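Raw final.cif, mmCIF, N, CA and C atoms:
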data_run
loop_
_atom_site.label_atom_id
_atom_site.label_comp_id
_atom_site.auth_asym_id
_atom_site.auth_seq_id
_atom_site.Cartn_x
_atom_site.Cartn_y
_atom_site.Cartn_z
N MET A 8 59.78 85.97 -38.81
CA MET A 8 59.36 86.34 -37.47
C MET A 8 57.87 86.68 -37.46
N GLU A 9 57.42 87.42 -38.50
CA GLU A 9 56.03 87.83 -38.56
C GLU A 9 55.10 86.61 -38.68
N SER A 10 55.49 85.61 -39.48
CA SER A 10 54.67 84.42 -39.63
C SER A 10 54.61 83.62 -38.33
N LEU A 11 55.69 83.64 -37.55
CA LEU A 11 55.71 82.99 -36.24
C LEU A 11 54.71 83.65 -35.30
N LEU A 12 54.65 84.98 -35.34
CA LEU A 12 53.72 85.73 -34.51
C LEU A 12 52.28 85.41 -34.90
N LEU A 13 52.02 85.32 -36.21
CA LEU A 13 50.67 84.98 -36.67
C LEU A 13 50.28 83.58 -36.24
N MET A 14 51.23 82.65 -36.30
CA MET A 14 50.93 81.28 -35.87
C MET A 14 50.61 81.24 -34.37
N ALA A 15 51.36 81.99 -33.58
CA ALA A 15 51.14 82.02 -32.13
C ALA A 15 49.76 82.61 -31.83
N LEU A 16 49.41 83.67 -32.52
CA LEU A 16 48.08 84.25 -32.32
C LEU A 16 47.00 83.27 -32.73
N SER A 17 47.24 82.59 -33.83
CA SER A 17 46.27 81.62 -34.32
C SER A 17 46.07 80.50 -33.31
N LYS A 18 47.16 80.02 -32.74
CA LYS A 18 47.04 78.96 -31.72
C LYS A 18 46.32 79.49 -30.48
N LYS A 19 46.62 80.72 -30.10
CA LYS A 19 45.98 81.32 -28.94
C LYS A 19 44.48 81.48 -29.20
N GLN A 20 44.15 81.93 -30.39
CA GLN A 20 42.74 82.09 -30.76
C GLN A 20 42.04 80.74 -30.78
N GLN A 21 42.72 79.72 -31.32
CA GLN A 21 42.13 78.38 -31.36
C GLN A 21 41.88 77.86 -29.95
N LYS A 22 42.80 78.15 -29.04
CA LYS A 22 42.63 77.72 -27.66
C LYS A 22 41.40 78.38 -27.05
N LEU A 23 41.19 79.66 -27.33
CA LEU A 23 40.00 80.37 -26.83
C LEU A 23 38.72 79.78 -27.41
N VAL A 24 38.75 79.47 -28.70
CA VAL A 24 37.59 78.86 -29.35
C VAL A 24 37.30 77.49 -28.71
N ASP A 25 38.35 76.71 -28.50
CA ASP A 25 38.17 75.39 -27.87
C ASP A 25 37.59 75.52 -26.46
N GLN A 26 38.06 76.50 -25.70
CA GLN A 26 37.54 76.72 -24.35
C GLN A 26 36.07 77.11 -24.39
N LEU A 27 35.71 77.98 -25.31
CA LEU A 27 34.32 78.41 -25.43
C LEU A 27 33.42 77.25 -25.83
N GLU A 28 33.89 76.44 -26.78
CA GLU A 28 33.11 75.26 -27.19
C GLU A 28 32.91 74.31 -26.02
N LYS A 29 33.93 74.14 -25.20
CA LYS A 29 33.82 73.26 -24.02
C LYS A 29 32.79 73.82 -23.04
N ARG A 30 32.80 75.13 -22.83
CA ARG A 30 31.84 75.77 -21.93
C ARG A 30 30.41 75.57 -22.44
N VAL A 31 30.21 75.74 -23.75
CA VAL A 31 28.88 75.56 -24.34
C VAL A 31 28.43 74.12 -24.17
N GLU A 32 29.32 73.17 -24.44
CA GLU A 32 28.98 71.74 -24.32
C GLU A 32 28.64 71.39 -22.87
N MET A 33 29.40 71.91 -21.92
CA MET A 33 29.11 71.65 -20.50
C MET A 33 27.74 72.20 -20.12
N CYS A 34 27.42 73.38 -20.60
CA CYS A 34 26.13 73.99 -20.28
C CYS A 34 24.99 73.21 -20.92
N ARG A 35 25.20 72.75 -22.15
CA ARG A 35 24.16 71.94 -22.83
C ARG A 35 23.91 70.64 -22.08
N GLU A 36 24.99 69.99 -21.66
CA GLU A 36 24.83 68.73 -20.92
C GLU A 36 24.09 68.97 -19.60
N PHE A 37 24.43 70.06 -18.93
CA PHE A 37 23.75 70.40 -17.69
C PHE A 37 22.25 70.64 -17.94
N MET A 38 21.94 71.34 -19.03
CA MET A 38 20.55 71.61 -19.36
C MET A 38 19.81 70.30 -19.67
N ASN A 39 20.45 69.39 -20.41
CA ASN A 39 19.82 68.11 -20.72
C ASN A 39 19.57 67.29 -19.45
N ASP A 40 20.50 67.34 -18.52
CA ASP A 40 20.31 66.62 -17.26
C ASP A 40 19.22 67.28 -16.41
N TRP A 41 19.11 68.60 -16.49
CA TRP A 41 18.05 69.31 -15.78
C TRP A 41 16.68 68.91 -16.35
N LEU A 42 16.62 68.73 -17.68
CA LEU A 42 15.38 68.25 -18.31
C LEU A 42 15.06 66.83 -17.85
N LEU A 43 16.08 65.98 -17.77
CA LEU A 43 15.87 64.60 -17.32
C LEU A 43 15.37 64.57 -15.88
N PHE A 44 15.92 65.43 -15.03
CA PHE A 44 15.45 65.56 -13.65
C PHE A 44 13.93 65.78 -13.63
N ASN A 45 13.45 66.68 -14.46
CA ASN A 45 12.02 66.98 -14.51
C ASN A 45 11.21 65.84 -15.13
N GLN A 46 11.75 65.20 -16.15
CA GLN A 46 11.04 64.08 -16.79
C GLN A 46 10.84 62.93 -15.80
N ILE A 47 11.89 62.63 -15.04
CA ILE A 47 11.79 61.55 -14.05
C ILE A 47 10.78 61.95 -12.97
N MET A 48 10.88 63.19 -12.50
CA MET A 48 9.97 63.68 -11.47
C MET A 48 8.51 63.63 -11.94
N SER A 49 8.28 63.98 -13.20
CA SER A 49 6.92 64.01 -13.75
C SER A 49 6.37 62.62 -14.03
N ALA A 50 7.25 61.66 -14.30
CA ALA A 50 6.81 60.30 -14.63
C ALA A 50 6.36 59.52 -13.40
N TYR A 51 6.84 59.89 -12.24
CA TYR A 51 6.61 59.12 -11.02
C TYR A 51 5.13 58.88 -10.70
N PRO A 52 4.26 59.88 -10.76
CA PRO A 52 2.86 59.63 -10.37
C PRO A 52 2.03 58.89 -11.43
N ASN A 53 2.59 58.64 -12.60
CA ASN A 53 1.84 57.98 -13.66
C ASN A 53 1.51 56.54 -13.28
N PRO A 54 0.28 56.10 -13.58
CA PRO A 54 -0.09 54.71 -13.31
C PRO A 54 0.84 53.76 -14.09
N GLY A 55 1.28 52.72 -13.44
CA GLY A 55 2.14 51.74 -14.08
C GLY A 55 3.61 52.12 -14.10
N ALA A 56 3.95 53.26 -13.52
CA ALA A 56 5.36 53.67 -13.49
C ALA A 56 6.15 52.75 -12.56
N ASN A 57 7.35 52.41 -12.97
CA ASN A 57 8.23 51.59 -12.14
C ASN A 57 8.89 52.53 -11.12
N LYS A 58 8.23 52.67 -9.98
CA LYS A 58 8.64 53.67 -8.99
C LYS A 58 10.05 53.41 -8.45
N ALA A 59 10.42 52.17 -8.23
CA ALA A 59 11.76 51.86 -7.71
C ALA A 59 12.83 52.26 -8.73
N GLN A 60 12.59 51.96 -9.98
CA GLN A 60 13.55 52.32 -11.03
C GLN A 60 13.64 53.84 -11.17
N LEU A 61 12.50 54.53 -11.10
CA LEU A 61 12.51 55.99 -11.21
C LEU A 61 13.24 56.63 -10.02
N GLU A 62 13.03 56.09 -8.81
CA GLU A 62 13.74 56.61 -7.63
C GLU A 62 15.25 56.46 -7.81
N ASN A 63 15.69 55.32 -8.34
CA ASN A 63 17.11 55.07 -8.58
C ASN A 63 17.66 56.07 -9.60
N GLN A 64 16.93 56.26 -10.70
CA GLN A 64 17.35 57.22 -11.73
C GLN A 64 17.38 58.64 -11.16
N PHE A 65 16.42 58.94 -10.32
CA PHE A 65 16.32 60.28 -9.72
C PHE A 65 17.53 60.57 -8.84
N LEU A 66 17.91 59.62 -8.02
CA LEU A 66 19.09 59.80 -7.16
C LEU A 66 20.36 59.98 -7.99
N LYS A 67 20.46 59.20 -9.09
CA LYS A 67 21.64 59.32 -9.95
C LYS A 67 21.71 60.69 -10.63
N ILE A 68 20.57 61.17 -11.13
CA ILE A 68 20.59 62.45 -11.84
C ILE A 68 20.81 63.60 -10.85
N LYS A 69 20.31 63.46 -9.64
CA LYS A 69 20.57 64.50 -8.62
C LYS A 69 22.07 64.58 -8.32
N SER A 70 22.72 63.45 -8.17
CA SER A 70 24.16 63.42 -7.91
C SER A 70 24.93 64.01 -9.08
N LYS A 71 24.54 63.64 -10.29
CA LYS A 71 25.22 64.16 -11.47
C LYS A 71 25.04 65.67 -11.58
N LEU A 72 23.83 66.15 -11.33
CA LEU A 72 23.58 67.60 -11.37
C LEU A 72 24.44 68.35 -10.35
N ALA A 73 24.57 67.79 -9.17
CA ALA A 73 25.37 68.44 -8.13
C ALA A 73 26.84 68.54 -8.56
N ARG A 74 27.36 67.46 -9.12
CA ARG A 74 28.75 67.48 -9.58
C ARG A 74 28.92 68.45 -10.74
N GLU A 75 28.03 68.36 -11.72
CA GLU A 75 28.12 69.23 -12.89
C GLU A 75 27.96 70.69 -12.51
N HIS A 76 27.07 70.97 -11.58
CA HIS A 76 26.83 72.35 -11.16
C HIS A 76 28.11 72.98 -10.63
N LYS A 77 28.81 72.27 -9.78
CA LYS A 77 30.05 72.79 -9.19
C LYS A 77 31.09 73.07 -10.28
N VAL A 78 31.28 72.12 -11.17
CA VAL A 78 32.27 72.27 -12.24
C VAL A 78 31.86 73.40 -13.18
N LEU A 79 30.57 73.46 -13.52
CA LEU A 79 30.07 74.51 -14.42
C LEU A 79 30.26 75.89 -13.80
N LYS A 80 29.92 76.02 -12.54
CA LYS A 80 30.05 77.30 -11.85
C LYS A 80 31.52 77.74 -11.80
N ASP A 81 32.41 76.80 -11.48
CA ASP A 81 33.84 77.11 -11.42
C ASP A 81 34.41 77.45 -12.81
N THR A 82 33.91 76.78 -13.84
CA THR A 82 34.41 77.00 -15.20
C THR A 82 33.90 78.31 -15.79
N LEU A 83 32.61 78.58 -15.61
CA LEU A 83 32.02 79.77 -16.23
C LEU A 83 32.34 81.05 -15.48
N GLN A 84 32.53 80.94 -14.18
CA GLN A 84 32.84 82.09 -13.32
C GLN A 84 31.87 83.24 -13.56
N THR A 85 32.32 84.34 -14.14
CA THR A 85 31.45 85.53 -14.30
C THR A 85 30.35 85.31 -15.34
N ASP A 86 30.51 84.31 -16.22
CA ASP A 86 29.47 84.01 -17.21
C ASP A 86 28.37 83.14 -16.62
N TYR A 87 28.54 82.71 -15.38
CA TYR A 87 27.56 81.84 -14.72
C TYR A 87 26.39 82.69 -14.23
N ASN A 88 25.22 82.49 -14.84
CA ASN A 88 24.03 83.25 -14.47
C ASN A 88 22.84 82.34 -14.19
N ILE A 89 23.11 81.16 -13.70
CA ILE A 89 22.04 80.19 -13.44
C ILE A 89 21.40 80.52 -12.09
N ASP A 90 20.09 80.37 -12.03
CA ASP A 90 19.29 80.67 -10.85
C ASP A 90 19.94 80.09 -9.60
N GLN A 91 20.17 80.94 -8.62
CA GLN A 91 20.82 80.53 -7.37
C GLN A 91 20.01 79.48 -6.61
N ASN A 92 18.73 79.40 -6.89
CA ASN A 92 17.86 78.46 -6.19
C ASN A 92 17.95 77.04 -6.74
N LEU A 93 18.65 76.86 -7.85
CA LEU A 93 18.70 75.56 -8.52
C LEU A 93 19.16 74.44 -7.59
N MET A 94 20.25 74.65 -6.88
CA MET A 94 20.75 73.59 -6.01
C MET A 94 19.85 73.39 -4.79
N ASN A 95 19.11 74.41 -4.39
CA ASN A 95 18.12 74.24 -3.32
C ASN A 95 17.00 73.30 -3.79
N ILE A 96 16.65 73.40 -5.06
CA ILE A 96 15.62 72.52 -5.64
C ILE A 96 16.12 71.08 -5.59
N VAL A 97 17.35 70.88 -6.04
CA VAL A 97 17.92 69.53 -6.06
C VAL A 97 18.05 68.97 -4.64
N ALA A 98 18.56 69.78 -3.74
CA ALA A 98 18.75 69.33 -2.35
C ALA A 98 17.43 69.08 -1.65
N GLY A 99 16.43 69.89 -1.93
CA GLY A 99 15.13 69.75 -1.27
C GLY A 99 14.30 68.59 -1.79
N ALA A 100 14.61 68.12 -2.99
CA ALA A 100 13.87 67.01 -3.59
C ALA A 100 14.54 65.71 -3.13
N THR A 101 14.28 65.33 -1.89
CA THR A 101 15.00 64.19 -1.30
C THR A 101 14.65 62.87 -1.96
N SER A 102 13.39 62.71 -2.34
CA SER A 102 12.98 61.50 -3.07
C SER A 102 11.72 61.84 -3.85
N LEU A 103 11.43 61.03 -4.85
CA LEU A 103 10.22 61.25 -5.64
C LEU A 103 8.98 61.04 -4.79
N GLU A 104 9.03 60.05 -3.92
CA GLU A 104 7.89 59.79 -3.05
C GLU A 104 7.60 61.00 -2.17
N ASN A 105 8.66 61.57 -1.58
CA ASN A 105 8.46 62.75 -0.72
C ASN A 105 7.92 63.94 -1.49
N ILE A 106 8.31 64.08 -2.74
CA ILE A 106 7.79 65.18 -3.56
C ILE A 106 6.30 65.00 -3.78
N HIS A 107 5.91 63.79 -4.15
CA HIS A 107 4.53 63.56 -4.59
C HIS A 107 3.54 63.29 -3.46
N VAL A 108 4.02 63.20 -2.21
CA VAL A 108 3.07 63.12 -1.09
C VAL A 108 2.73 64.51 -0.58
N GLN A 109 3.42 65.53 -1.11
CA GLN A 109 3.13 66.91 -0.73
C GLN A 109 1.81 67.34 -1.37
N SER A 110 1.34 68.49 -0.95
CA SER A 110 0.11 69.03 -1.53
C SER A 110 0.35 69.38 -3.00
N GLU A 111 -0.73 69.47 -3.73
CA GLU A 111 -0.65 69.83 -5.14
C GLU A 111 -0.01 71.22 -5.31
N VAL A 112 -0.31 72.11 -4.38
CA VAL A 112 0.26 73.47 -4.42
C VAL A 112 1.79 73.40 -4.28
N ALA A 113 2.27 72.57 -3.36
CA ALA A 113 3.72 72.44 -3.16
C ALA A 113 4.41 71.86 -4.40
N VAL A 114 3.76 70.88 -5.03
CA VAL A 114 4.32 70.28 -6.25
C VAL A 114 4.34 71.32 -7.37
N LYS A 115 3.28 72.09 -7.51
CA LYS A 115 3.22 73.15 -8.53
C LYS A 115 4.31 74.20 -8.28
N LYS A 116 4.55 74.53 -7.02
CA LYS A 116 5.60 75.50 -6.67
C LYS A 116 6.96 74.96 -7.09
N LEU A 117 7.21 73.69 -6.83
CA LEU A 117 8.46 73.05 -7.23
C LEU A 117 8.62 73.10 -8.75
N GLN A 118 7.53 72.81 -9.47
CA GLN A 118 7.58 72.84 -10.93
C GLN A 118 7.87 74.25 -11.44
N THR A 119 7.30 75.25 -10.80
CA THR A 119 7.55 76.64 -11.18
C THR A 119 9.01 77.00 -10.93
N GLU A 120 9.54 76.59 -9.79
CA GLU A 120 10.95 76.85 -9.47
C GLU A 120 11.87 76.13 -10.46
N TRP A 121 11.50 74.88 -10.81
CA TRP A 121 12.28 74.13 -11.80
C TRP A 121 12.31 74.91 -13.12
N HIS A 122 11.15 75.41 -13.54
CA HIS A 122 11.05 76.12 -14.81
C HIS A 122 11.86 77.41 -14.79
N ARG A 123 11.84 78.14 -13.69
CA ARG A 123 12.63 79.36 -13.55
C ARG A 123 14.12 79.04 -13.72
N ALA A 124 14.56 77.97 -13.09
CA ALA A 124 15.96 77.55 -13.22
C ALA A 124 16.27 77.13 -14.65
N PHE A 125 15.34 76.44 -15.29
CA PHE A 125 15.51 76.01 -16.69
C PHE A 125 15.71 77.21 -17.60
N ILE A 126 14.92 78.24 -17.39
CA ILE A 126 15.05 79.46 -18.19
C ILE A 126 16.43 80.09 -17.96
N SER A 127 16.89 80.12 -16.72
CA SER A 127 18.20 80.72 -16.44
C SER A 127 19.33 79.91 -17.07
N ILE A 128 19.19 78.58 -17.14
CA ILE A 128 20.19 77.75 -17.82
C ILE A 128 20.22 78.11 -19.30
N ASN A 129 19.03 78.26 -19.90
CA ASN A 129 18.94 78.63 -21.31
C ASN A 129 19.54 80.01 -21.57
N GLU A 130 19.29 80.94 -20.66
CA GLU A 130 19.88 82.28 -20.81
C GLU A 130 21.40 82.21 -20.76
N THR A 131 21.93 81.43 -19.83
CA THR A 131 23.38 81.27 -19.73
C THR A 131 23.94 80.64 -21.00
N LEU A 132 23.28 79.60 -21.49
CA LEU A 132 23.71 78.95 -22.72
C LEU A 132 23.67 79.95 -23.89
N GLY A 133 22.60 80.72 -23.96
CA GLY A 133 22.48 81.71 -25.04
C GLY A 133 23.58 82.74 -25.00
N SER A 134 23.97 83.17 -23.80
CA SER A 134 25.04 84.17 -23.71
C SER A 134 26.39 83.57 -24.11
N LEU A 135 26.56 82.26 -23.90
CA LEU A 135 27.81 81.62 -24.31
C LEU A 135 27.89 81.39 -25.82
N GLU A 136 26.72 81.10 -26.40
CA GLU A 136 26.70 80.84 -27.85
C GLU A 136 26.84 82.15 -28.60
#
In structure tokens, how does this file's structure come out?
Amino acid sequence: MESLLLMALSKKQQKLVDQLEKRVEMCREFMNDWLLFNQIMSAYPNPGANKAQLENQFLKIKSKLAREHKVLKDTLQTDYNIDQNLMNIVAGATSLENIHVQSEVAVKKLQTEWHRAFISINETLGSLE
């Protein structure tokens, strides 16, 4: 009976470890996609950039971030400490062209907001690890 109890605890503990590993992996993937969002955004004004291809990639990563954000928030619940402004950044960045026709000050503000959200993603990941 005692060995059965130990096995049950072991399985329960393994399930918790598996859940935590899944949470960490989800957060890492979200952080990598958040980095890609910024890389695409930063590449757009470069001379010789394929603007049509970058716009397409940008729309795809925005959609992926929105989906991942919802799942991550629902999964992490009280462990979710990502900047509340993150989805406002994604929603407000309607296209790369619209971002880069703004004033330099507006673009710098967006980059600062992106960075603040990036730090909060890292903090959340750090608390999970």
Suppose a student applies the PyMOL selection byres ((chain A and resi 30) around 8) to this structure; what residues should they get, written as a count of residues only? 18
What separation in Å, quoted to one decimal, exists between atom CA of A:Ile126 and atom CA of A:Asn53? 25.6 Å
Compile the contact shell of stretch 98-103 of chain A as a list of chain:residue names: residues with an atom at most 8 Å away, counting all atoms listed in the file, same-chain residues fewer than 4 positions apart removed.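 The filter keeps A:Ile47, A:Met48, A:Tyr51, A:Pro52, A:Leu61, A:Glu62, A:Asn63, A:Phe65, A:Leu66, A:Lys69, A:Asn92, A:Leu93, A:Met94, A:His107, A:Val108.
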Skipping near chain neighbours, those fewer than 6 positions away, what residues fall within 10 Å of A:Asp90 using only C-alpha atoms, listed as a PyMOL selection string? chain A and resi 120-121+123-128+131
As a list in words, which residues of stretch 81-110 of chain A does DSSP assign to helix (DSSP H, G or I)?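 Assigned to helix (DSSP H, G or I), within stretch 81-110 of chain A: Asp81, Thr82, Leu83, Gln84, Thr85, Asp86, Leu93, Met94, Asn95, Ile96, Val97, Ala98, Gly99, Leu103, Glu104, Asn105, Ile106 and His107 of chain A.
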Å distance separating atom C of A:Asn129 from atom C of A:Asp86, one decimal place: 10.6 Å
Work out how far atom C of A:Gly133 is from atom N of A:Gln21, in Å to one decimal. 20.4 Å
May I have the residues within 9 Å of A:His76 as a PyMOL selection string, using only C-alpha atoms and disregarding those fewer than 5 positions away in the same chain? chain A and resi 37+71+81+94
